[in-house]
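A.B. asks: Take this structure, written in structure tokens, and hold onto it; I'll ask about it next.
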Amino acid sequence: MITFDDILDAYRRIVDTVHHTPVITSRALNELSGNELYFKCENFQRVGAFKIRGAYNKISSLKPDQLKRGVVAFSSGNHAQGVALASKLLNTSAKIVMPNNSPKSKLEATKAYGAQVILYDFKKENREEIGKKISEAEGRELVPPFDDELIMAGQGTIGLEIFDIIKRLDYVFMPVGGGGLLSGNSVSLKYLMSRVRIIGVETEPANDAYQSFRKGDIVAIKPPATIADGIRTTSVGTKTFEVIKAKTDDIILVSDAEVLEAMRWIFTRLKIIIEPTAAVPFAAVIKNELKLKNKRIGIILTGGNMDMDDFFDLMKTKTND
């Protein structure tokens, strides 16, 4: 299980490479929710998402002979971009296995950073198997999207930056896919704010972590049909889940429609564009299933990588409902 010291080590490796992203507030959204909200804007991070943190921490920890052989990863988009940029910065080559339904903007950005993209049919093929075969055949180091201590520690550096700005929070909400973000920041935030409650959020179709948390064992599901492409994982990782069980206070669910509503509020009030996955935790705060009132709540906006046509189509869909 990763420790707070692991996260400090990760931050020392990445601090000169990643952006120290801002925390912003909105009186209108405070009034809407009945709470004091603090949005950590990882949509302003390099590659447009938090994933560069874990990817750079992992790849920068490799030995020279490993860097010479290159790396391989599998991802729906944001981890792909993080690995691609980290590889470019560290002068190593990257092959990225991506589903054939990945957002166009994420595919193009991954290629622009210099990575070789290998597409697969997510309905018929297994991305992990493809990645492992490439790793074994070419000697490339596998850089998993979440189930790796160095990845988890890198993602957990967000908590350090939140604490730099805000010394006390009652709750922090964040999306959960494979669990790298949730596990890493559960460790950092619980260490820095001992009384804070950590809440992971999924959409209803992508409820594997929700089920796993309640059962106490990992539950796998079929590839979920949700607009939140960043959490279309079929199960949490074995390493991430051990941390989540120990450090996370709850995992709750929202609908895709509630995510769209949250995106609309953030666009109209914060004046920023985020991808659906980034809106998942704010959707939970608006829904307020936990009956929170007058609480200080941190919300991690995980990324802003979305095709503009898709974004405005979603906004029109919501407006016309």
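Chain labels follow the order of the structure tokens: the first chain is A, the next B, and so on; residue numbering restarts at 1 in every chain, and ligands are counted from 1 in their shown order.
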Could you give me, as an mmCIF file with C-alpha atoms, in the first residue's frame, the residues within 12 Å of Lys88 (chain A), counting only C-alpha atoms and dropping anything in the same chain fewer than 3 positions from it?
C.D. replies:
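See result_26.cif below for the written result:
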data_model
loop_
_atom_site.group_PDB
_atom_site.id
_atom_site.type_symbol
_atom_site.label_atom_id
_atom_site.label_comp_id
_atom_site.auth_asym_id
_atom_site.auth_seq_id
_atom_site.Cartn_x
_atom_site.Cartn_y
_atom_site.Cartn_z
ATOM 1 C CA ILE A 52 0.493 13.411 -16.671
ATOM 2 C CA ALA A 55 2.663 8.871 -16.099
ATOM 3 C CA TYR A 56 5.650 11.157 -15.552
ATOM 4 C CA ILE A 59 8.403 6.808 -16.586
ATOM 5 C CA SER A 60 10.934 9.093 -14.888
ATOM 6 C CA LEU A 67 13.988 3.995 -21.299
ATOM 7 C CA GLY A 70 10.551 2.371 -24.649
ATOM 8 C CA VAL A 71 7.156 2.027 -23.000
ATOM 9 C CA GLN A 81 -1.714 11.622 -23.676
ATOM 10 C CA GLY A 82 0.062 11.642 -20.320
ATOM 11 C CA VAL A 83 2.266 8.713 -21.306
ATOM 12 C CA ALA A 84 2.921 10.197 -24.744
ATOM 13 C CA LEU A 85 4.039 13.572 -23.376
ATOM 14 C CA ASN A 91 13.382 10.903 -24.636
ATOM 15 C CA THR A 92 11.830 7.474 -24.867
ATOM 16 C CA SER A 93 9.400 5.975 -27.384
ATOM 17 C CA ALA A 94 5.793 5.080 -26.614
ATOM 18 C CA LYS A 95 3.199 2.780 -28.102
ATOM 19 C CA THR A 110 -1.631 11.415 -28.402
ATOM 20 C CA LYS A 111 -0.185 11.158 -31.889
ATOM 21 C CA ALA A 112 0.931 14.797 -31.810
ATOM 22 C CA TYR A 113 3.080 14.072 -28.740
ATOM 23 C CA GLY A 114 4.926 11.479 -30.821
ATOM 24 C CA ALA A 115 3.381 8.211 -29.647
ATOM 25 C CA GLN A 116 2.430 5.386 -31.993
#
A.B. asks: Which neighbours of Leu107 (chain A) fall inside 10 Å, counting only C-alpha atoms, when residues of the same chain fewer than 3 positions from it are skipped, and could you give them as a list in words?
C.D. replies: Ser76, Gly77, Asn78, Ala80, Gln81, Ile96, Met98, Pro99, Asn100, Asn101, Ser102, Pro103, Lys104, Thr110, Lys111, Ala112, Val117 and Leu119 of chain A
A.B. asks: Produce a file of the selected residues containing N, CA and C atoms, as a short mmCIF file (atom, residue, chain, number, x, y, z; two decimals), in the first residue's frame.
C.D. replies:
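Contents of the output file selection-v3.cif:
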data_model
loop_
_atom_site.label_atom_id
_atom_site.label_comp_id
_atom_site.auth_asym_id
_atom_site.auth_seq_id
_atom_site.Cartn_x
_atom_site.Cartn_y
_atom_site.Cartn_z
N SER A 76 -8.06 4.98 -22.81
CA SER A 76 -9.12 5.56 -23.64
C SER A 76 -8.79 6.97 -24.08
N GLY A 77 -7.75 7.57 -23.48
CA GLY A 77 -7.40 8.90 -23.94
C GLY A 77 -6.49 9.73 -23.07
N ASN A 78 -6.88 10.04 -21.84
CA ASN A 78 -6.09 10.96 -21.04
C ASN A 78 -4.78 10.34 -20.55
N ALA A 80 -3.28 8.03 -22.14
CA ALA A 80 -2.52 7.94 -23.39
C ALA A 80 -1.73 9.21 -23.63
N GLN A 81 -2.39 10.35 -23.47
CA GLN A 81 -1.71 11.62 -23.68
C GLN A 81 -0.64 11.86 -22.63
N ILE A 96 0.84 3.26 -27.72
CA ILE A 96 -0.36 3.38 -26.91
C ILE A 96 -1.49 2.60 -27.56
N MET A 98 -5.29 2.08 -27.88
CA MET A 98 -6.47 2.89 -27.61
C MET A 98 -7.70 2.28 -28.29
N PRO A 99 -8.88 2.39 -27.66
CA PRO A 99 -10.09 1.85 -28.28
C PRO A 99 -10.49 2.63 -29.52
N ASN A 100 -11.14 1.96 -30.44
CA ASN A 100 -11.49 2.61 -31.70
C ASN A 100 -12.63 3.62 -31.56
N ASN A 101 -13.18 3.76 -30.35
CA ASN A 101 -14.20 4.79 -30.11
C ASN A 101 -13.66 5.93 -29.25
N SER A 102 -12.35 6.05 -29.14
CA SER A 102 -11.75 7.14 -28.37
C SER A 102 -12.13 8.48 -29.00
N PRO A 103 -12.32 9.52 -28.18
CA PRO A 103 -12.59 10.85 -28.74
C PRO A 103 -11.49 11.26 -29.71
N LYS A 104 -11.90 11.85 -30.81
CA LYS A 104 -10.95 12.25 -31.86
C LYS A 104 -9.85 13.16 -31.32
N THR A 110 -2.59 12.48 -28.73
CA THR A 110 -1.63 11.42 -28.40
C THR A 110 -0.61 11.25 -29.53
N LYS A 111 -1.09 11.26 -30.74
CA LYS A 111 -0.19 11.16 -31.89
C LYS A 111 0.72 12.39 -32.00
N ALA A 112 0.16 13.55 -31.70
CA ALA A 112 0.93 14.80 -31.81
C ALA A 112 2.10 14.83 -30.84
N VAL A 117 0.02 5.08 -32.05
CA VAL A 117 -1.27 4.62 -31.56
C VAL A 117 -1.67 3.32 -32.25
N LEU A 119 -4.96 0.99 -32.51
CA LEU A 119 -6.39 0.92 -32.21
C LEU A 119 -6.86 -0.52 -32.04
#
A.B. asks: Neighbours of region 182-188 of chain A within 7 Å (only C-alpha atoms; same-chain residues fewer than 3 positions away dropped), as an MDAnalysis selection string?
C.D. replies: chainID A and resid 3:4 152:153 155:156 158:160 174 176 179 191:192 198 200 240 243:244 247:248
A.B. asks: Could you give me the residues within region 73-213 of chain A that DSSP places in strand (DSSP E or B), as a PyMOL selection string?
C.D. replies: chain A and resi 73-74+94-99+116-120+141-142+171-175+197-203
A.B. asks: What's the 10 Å shell around Ile273 (chain A), counting only C-alpha atoms, without same-chain residues fewer than 3 positions away, as a ChimeraX atom specification?
C.D. replies: /A:43,263-264,266-268,270,276,278-279,303-306,308,311
A.B. asks: For the residues in that selection, give me N, CA and C atoms as a compact mmCIF listing (two decimals), in the first residue's frame.
C.D. replies:
# COMPACT_ATOMS: atom_id res chain seq x y z
N ASN A 43 -8.25 20.29 -15.43
CA ASN A 43 -8.48 20.52 -16.86
C ASN A 43 -7.49 21.52 -17.43
N MET A 263 -22.20 19.60 -16.10
CA MET A 263 -21.39 20.22 -17.14
C MET A 263 -21.95 21.59 -17.52
N ARG A 264 -23.26 21.67 -17.62
CA ARG A 264 -23.90 22.93 -18.00
C ARG A 264 -23.65 24.01 -16.95
N ILE A 266 -21.15 24.19 -14.82
CA ILE A 266 -19.74 24.58 -14.81
C ILE A 266 -19.40 25.46 -16.01
N PHE A 267 -19.99 25.13 -17.15
CA PHE A 267 -19.75 25.95 -18.35
C PHE A 267 -20.34 27.35 -18.18
N THR A 268 -21.55 27.44 -17.64
CA THR A 268 -22.21 28.74 -17.55
C THR A 268 -21.74 29.58 -16.37
N LEU A 270 -18.64 28.77 -14.19
CA LEU A 270 -17.17 28.86 -14.09
C LEU A 270 -16.53 29.28 -15.40
N PRO A 276 -17.05 15.02 -19.69
CA PRO A 276 -18.07 14.47 -18.80
C PRO A 276 -17.53 13.85 -17.51
N ALA A 278 -15.07 14.68 -15.72
CA ALA A 278 -14.72 15.73 -14.76
C ALA A 278 -15.94 16.28 -14.05
N ALA A 279 -17.11 16.18 -14.68
CA ALA A 279 -18.34 16.70 -14.08
C ALA A 279 -19.00 15.72 -13.12
N GLY A 303 -10.36 16.70 -16.02
CA GLY A 303 -9.83 16.96 -17.35
C GLY A 303 -10.79 17.74 -18.22
N GLY A 304 -10.26 18.27 -19.31
CA GLY A 304 -11.06 19.07 -20.23
C GLY A 304 -10.91 18.64 -21.67
N ASN A 305 -10.51 17.40 -21.90
CA ASN A 305 -10.27 16.92 -23.27
C ASN A 305 -11.55 16.37 -23.88
N MET A 306 -12.15 17.18 -24.71
CA MET A 306 -13.39 16.77 -25.35
C MET A 306 -13.51 17.43 -26.70
N MET A 308 -15.05 19.52 -29.43
CA MET A 308 -15.95 20.65 -29.27
C MET A 308 -17.32 20.38 -29.87
N PHE A 311 -19.14 18.36 -27.36
CA PHE A 311 -19.50 19.16 -26.19
C PHE A 311 -20.77 19.98 -26.45
A.B. asks: Closest to Phe173 (chain A) among A:Glu202, A:Asp9, A:Glu31, A:Asp313, using only C-alpha atoms?
C.D. replies: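 Between A:Glu202, A:Asp9, A:Glu31, A:Asp313, the residue approaching Phe173 (chain A) most closely is A:Glu202.
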A.B. asks: Glu161 (chain A): which residues within 9 Å, counting only C-alpha atoms, same-chain residues fewer than 6 positions away excluded, as a PDB file with N, CA and C atoms, in the first residue's frame?
C.D. replies:
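Done, and the output landed in result-v1.pdb:
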ATOM      1  N   HIS A  20       1.019  23.534 -11.477  1.00  0.00           N
ATOM      2  CA  HIS A  20       0.345  23.644 -10.178  1.00  0.00           C
ATOM      3  C   HIS A  20      -1.003  24.292 -10.479  1.00  0.00           C
ATOM      4  N   THR A  21      -2.027  23.468 -10.731  1.00  0.00           N
ATOM      5  CA  THR A  21      -3.294  23.969 -11.259  1.00  0.00           C
ATOM      6  C   THR A  21      -4.083  24.751 -10.206  1.00  0.00           C
ATOM      7  N   PRO A  22      -4.894  25.703 -10.660  1.00  0.00           N
ATOM      8  CA  PRO A  22      -5.602  26.565  -9.710  1.00  0.00           C
ATOM      9  C   PRO A  22      -6.790  25.890  -9.034  1.00  0.00           C
ATOM     10  N   LYS A  40     -10.705  22.079  -7.951  1.00  0.00           N
ATOM     11  CA  LYS A  40      -9.313  21.901  -8.346  1.00  0.00           C
ATOM     12  C   LYS A  40      -9.275  21.603  -9.841  1.00  0.00           C
TER      13      LYS A  40
END
A.B. asks: Just how far from CA of Glu36 (chain A) is CA of Ile165 (chain A), in Å to one decimal?
C.D. replies: 14.5 Å
A.B. asks: Env of region 288-302 of chain A: 9 Å cut, atoms = only C-alpha atoms, seq-sep filter 5 positions within chain, self excluded. Answer as a PDB file with N, CA and C atoms, in the first residue's frame.
C.D. replies:
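The result, written out as part.pdb:
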ATOM      1  N   SER A  33     -25.586  24.687  -4.347  1.00  0.00           N
ATOM      2  CA  SER A  33     -25.336  23.466  -3.572  1.00  0.00           C
ATOM      3  C   SER A  33     -25.609  23.619  -2.088  1.00  0.00           C
ATOM      4  N   GLY A  34     -25.613  24.869  -1.596  1.00  0.00           N
ATOM      5  CA  GLY A  34     -25.757  25.075  -0.162  1.00  0.00           C
ATOM      6  C   GLY A  34     -24.491  24.783   0.607  1.00  0.00           C
ATOM      7  N   ASN A  35     -23.363  24.751  -0.111  1.00  0.00           N
ATOM      8  CA  ASN A  35     -22.065  24.450   0.498  1.00  0.00           C
ATOM      9  C   ASN A  35     -21.005  25.388  -0.064  1.00  0.00           C
ATOM     10  N   GLU A  36     -19.829  25.366   0.537  1.00  0.00           N
ATOM     11  CA  GLU A  36     -18.700  26.160   0.064  1.00  0.00           C
ATOM     12  C   GLU A  36     -17.820  25.254  -0.783  1.00  0.00           C
ATOM     13  N   LEU A  37     -17.774  25.518  -2.085  1.00  0.00           N
ATOM     14  CA  LEU A  37     -17.132  24.603  -3.031  1.00  0.00           C
ATOM     15  C   LEU A  37     -15.788  25.134  -3.522  1.00  0.00           C
ATOM     16  N   TYR A  38     -14.831  24.212  -3.654  1.00  0.00           N
ATOM     17  CA  TYR A  38     -13.499  24.542  -4.160  1.00  0.00           C
ATOM     18  C   TYR A  38     -13.165  23.573  -5.282  1.00  0.00           C
ATOM     19  N   PHE A  39     -13.031  24.106  -6.499  1.00  0.00           N
ATOM     20  CA  PHE A  39     -12.806  23.273  -7.684  1.00  0.00           C
ATOM     21  C   PHE A  39     -11.320  23.259  -8.032  1.00  0.00           C
ATOM     22  N   LYS A  40     -10.705  22.079  -7.951  1.00  0.00           N
ATOM     23  CA  LYS A  40      -9.313  21.901  -8.346  1.00  0.00           C
ATOM     24  C   LYS A  40      -9.275  21.603  -9.841  1.00  0.00           C
ATOM     25  N   CYS A  41      -8.736  22.542 -10.619  1.00  0.00           N
ATOM     26  CA  CYS A  41      -8.896  22.521 -12.077  1.00  0.00           C
ATOM     27  C   CYS A  41      -7.771  21.786 -12.798  1.00  0.00           C
ATOM     28  N   GLU A  42      -7.826  20.468 -12.787  1.00  0.00           N
ATOM     29  CA  GLU A  42      -6.863  19.673 -13.536  1.00  0.00           C
ATOM     30  C   GLU A  42      -7.147  19.683 -15.035  1.00  0.00           C
ATOM     31  N   ASN A  43      -8.249  20.291 -15.434  1.00  0.00           N
ATOM     32  CA  ASN A  43      -8.484  20.516 -16.863  1.00  0.00           C
ATOM     33  C   ASN A  43      -7.487  21.521 -17.427  1.00  0.00           C
ATOM     34  N   GLN A  45      -4.313  21.308 -16.580  1.00  0.00           N
ATOM     35  CA  GLN A  45      -3.039  20.593 -16.469  1.00  0.00           C
ATOM     36  C   GLN A  45      -2.443  20.344 -17.855  1.00  0.00           C
ATOM     37  N   GLY A  48      -4.121  18.480 -20.602  1.00  0.00           N
ATOM     38  CA  GLY A  48      -5.528  18.734 -20.335  1.00  0.00           C
ATOM     39  C   GLY A  48      -6.159  17.830 -19.303  1.00  0.00           C
ATOM     40  N   ALA A  49      -5.339  17.117 -18.528  1.00  0.00           N
ATOM     41  CA  ALA A  49      -5.889  16.208 -17.519  1.00  0.00           C
ATOM     42  C   ALA A  49      -4.808  15.823 -16.518  1.00  0.00           C
ATOM     43  N   PHE A  50      -5.238  15.305 -15.382  1.00  0.00           N
ATOM     44  CA  PHE A  50      -4.332  14.960 -14.287  1.00  0.00           C
ATOM     45  C   PHE A  50      -3.375  13.825 -14.598  1.00  0.00           C
ATOM     46  N   LYS A  51      -3.629  13.079 -15.659  1.00  0.00           N
ATOM     47  CA  LYS A  51      -2.899  11.835 -15.909  1.00  0.00           C
ATOM     48  C   LYS A  51      -1.390  12.006 -16.109  1.00  0.00           C
ATOM     49  N   ILE A 158      -2.074  15.637  -6.326  1.00  0.00           N
ATOM     50  CA  ILE A 158      -3.125  16.655  -6.383  1.00  0.00           C
ATOM     51  C   ILE A 158      -3.506  17.086  -4.975  1.00  0.00           C
ATOM     52  N   ILE A 162      -3.856  20.840  -3.264  1.00  0.00           N
ATOM     53  CA  ILE A 162      -5.092  21.315  -2.635  1.00  0.00           C
ATOM     54  C   ILE A 162      -4.787  21.852  -1.239  1.00  0.00           C
ATOM     55  N   ARG A 168      -8.293  23.301   5.240  1.00  0.00           N
ATOM     56  CA  ARG A 168      -9.332  22.475   5.845  1.00  0.00           C
ATOM     57  C   ARG A 168     -10.491  22.273   4.880  1.00  0.00           C
ATOM     58  N   LEU A 169     -10.857  21.024   4.687  1.00  0.00           N
ATOM     59  CA  LEU A 169     -12.035  20.652   3.936  1.00  0.00           C
ATOM     60  C   LEU A 169     -12.800  19.588   4.714  1.00  0.00           C
ATOM     61  N   ASP A 170     -14.117  19.597   4.571  1.00  0.00           N
ATOM     62  CA  ASP A 170     -14.926  18.558   5.206  1.00  0.00           C
ATOM     63  C   ASP A 170     -15.051  17.332   4.308  1.00  0.00           C
ATOM     64  N   TYR A 171     -15.129  17.580   2.994  1.00  0.00           N
ATOM     65  CA  TYR A 171     -15.295  16.508   2.014  1.00  0.00           C
ATOM     66  C   TYR A 171     -14.460  16.821   0.773  1.00  0.00           C
ATOM     67  N   VAL A 172     -14.023  15.767   0.085  1.00  0.00           N
ATOM     68  CA  VAL A 172     -13.471  15.904  -1.259  1.00  0.00           C
ATOM     69  C   VAL A 172     -14.141  14.848  -2.137  1.00  0.00           C
ATOM     70  N   PHE A 173     -14.694  15.293  -3.266  1.00  0.00           N
ATOM     71  CA  PHE A 173     -15.353  14.416  -4.232  1.00  0.00           C
ATOM     72  C   PHE A 173     -14.482  14.298  -5.470  1.00  0.00           C
ATOM     73  N   MET A 174     -14.385  13.097  -6.015  1.00  0.00           N
ATOM     74  CA  MET A 174     -13.627  12.880  -7.252  1.00  0.00           C
ATOM     75  C   MET A 174     -14.185  11.658  -7.981  1.00  0.00           C
ATOM     76  N   PRO A 175     -14.034  11.601  -9.308  1.00  0.00           N
ATOM     77  CA  PRO A 175     -14.509  10.430 -10.045  1.00  0.00           C
ATOM     78  C   PRO A 175     -13.620   9.221  -9.785  1.00  0.00           C
ATOM     79  N   ILE A 252     -20.426   6.768  -4.445  1.00  0.00           N
ATOM     80  CA  ILE A 252     -21.832   6.975  -4.761  1.00  0.00           C
ATOM     81  C   ILE A 252     -22.016   7.107  -6.270  1.00  0.00           C
ATOM     82  N   ILE A 274     -15.222  21.306 -19.530  1.00  0.00           N
ATOM     83  CA  ILE A 274     -14.677  20.071 -18.975  1.00  0.00           C
ATOM     84  C   ILE A 274     -15.294  18.886 -19.705  1.00  0.00           C
ATOM     85  N   GLU A 275     -14.633  17.752 -19.627  1.00  0.00           N
ATOM     86  CA  GLU A 275     -15.181  16.536 -20.208  1.00  0.00           C
ATOM     87  C   GLU A 275     -16.175  15.917 -19.227  1.00  0.00           C
ATOM     88  N   THR A 277     -16.425  13.120 -17.589  1.00  0.00           N
ATOM     89  CA  THR A 277     -15.888  12.494 -16.381  1.00  0.00           C
ATOM     90  C   THR A 277     -15.571  13.524 -15.308  1.00  0.00           C
ATOM     91  N   ALA A 278     -15.068  14.682 -15.721  1.00  0.00           N
ATOM     92  CA  ALA A 278     -14.722  15.727 -14.763  1.00  0.00           C
ATOM     93  C   ALA A 278     -15.944  16.281 -14.048  1.00  0.00           C
ATOM     94  N   ALA A 279     -17.114  16.178 -14.680  1.00  0.00           N
ATOM     95  CA  ALA A 279     -18.345  16.697 -14.082  1.00  0.00           C
ATOM     96  C   ALA A 279     -19.000  15.716 -13.123  1.00  0.00           C
ATOM     97  N   VAL A 280     -18.538  14.481 -13.119  1.00  0.00           N
ATOM     98  CA  VAL A 280     -19.172  13.440 -12.305  1.00  0.00           C
ATOM     99  C   VAL A 280     -19.205  13.805 -10.813  1.00  0.00           C
ATOM    100  N   PRO A 281     -18.089  14.246 -10.203  1.00  0.00           N
ATOM    101  CA  PRO A 281     -18.168  14.571  -8.769  1.00  0.00           C
ATOM    102  C   PRO A 281     -19.058  15.765  -8.457  1.00  0.00           C
ATOM    103  N   PHE A 282     -19.062  16.779  -9.327  1.00  0.00           N
ATOM    104  CA  PHE A 282     -19.928  17.921  -9.075  1.00  0.00           C
ATOM    105  C   PHE A 282     -21.395  17.518  -9.201  1.00  0.00           C
ATOM    106  N   ALA A 283     -21.691  16.595 -10.124  1.00  0.00           N
ATOM    107  CA  ALA A 283     -23.057  16.081 -10.248  1.00  0.00           C
ATOM    108  C   ALA A 283     -23.518  15.471  -8.931  1.00  0.00           C
TER     109      ALA A 283
END
A.B. asks: Using only C-alpha atoms, which of the listed residues (A:Ser75, A:Thr317, A:Ser135, A:Thr17) sits closest to Gly230 (chain A)?
C.D. replies: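 Using only C-alpha atoms, Gly230 (chain A) sits closest to A:Ser75.
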A.B. asks: Which one of A:Arg46, A:Asp164, A:Glu108, A:Glu141 sits closest to Val72 (chain A) if you count only C-alpha atoms?
C.D. replies: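 Closest to Val72 (chain A) of all the choices is A:Glu141.
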A.B. asks: Would you give me, as a PyMOL selection string, the residues in region 40-262 of chain A that DSSP reads as alpha helix (DSSP H)?
C.D. replies: chain A and resi 51-59+64-69+78-89+104-112+127-138+149-155+157-165+180-192+208-215+238-247+256-262
A.B. asks: Looking at only C-alpha atoms, which of A:Asp309, A:Glu149, A:Asp256, A:Glu204 is the one that sits closest to Thr238 (chain A)?
C.D. replies: A:Glu149
A.B. asks: Which of these, A:Val236, A:Ala228, A:Ala209, A:Ile14, has the shortest distance to Pro145 (chain A) once you count only C-alpha atoms?
C.D. replies: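 Once distances to Pro145 (chain A) are computed over only C-alpha atoms, the minimum belongs to A:Val236.
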A.B. asks: What is the distance between CA of Asp147 (chain A) and CA of Lys239 (chain A), in Å to one decimal?
C.D. replies: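 So the answer is 5.7 Å.
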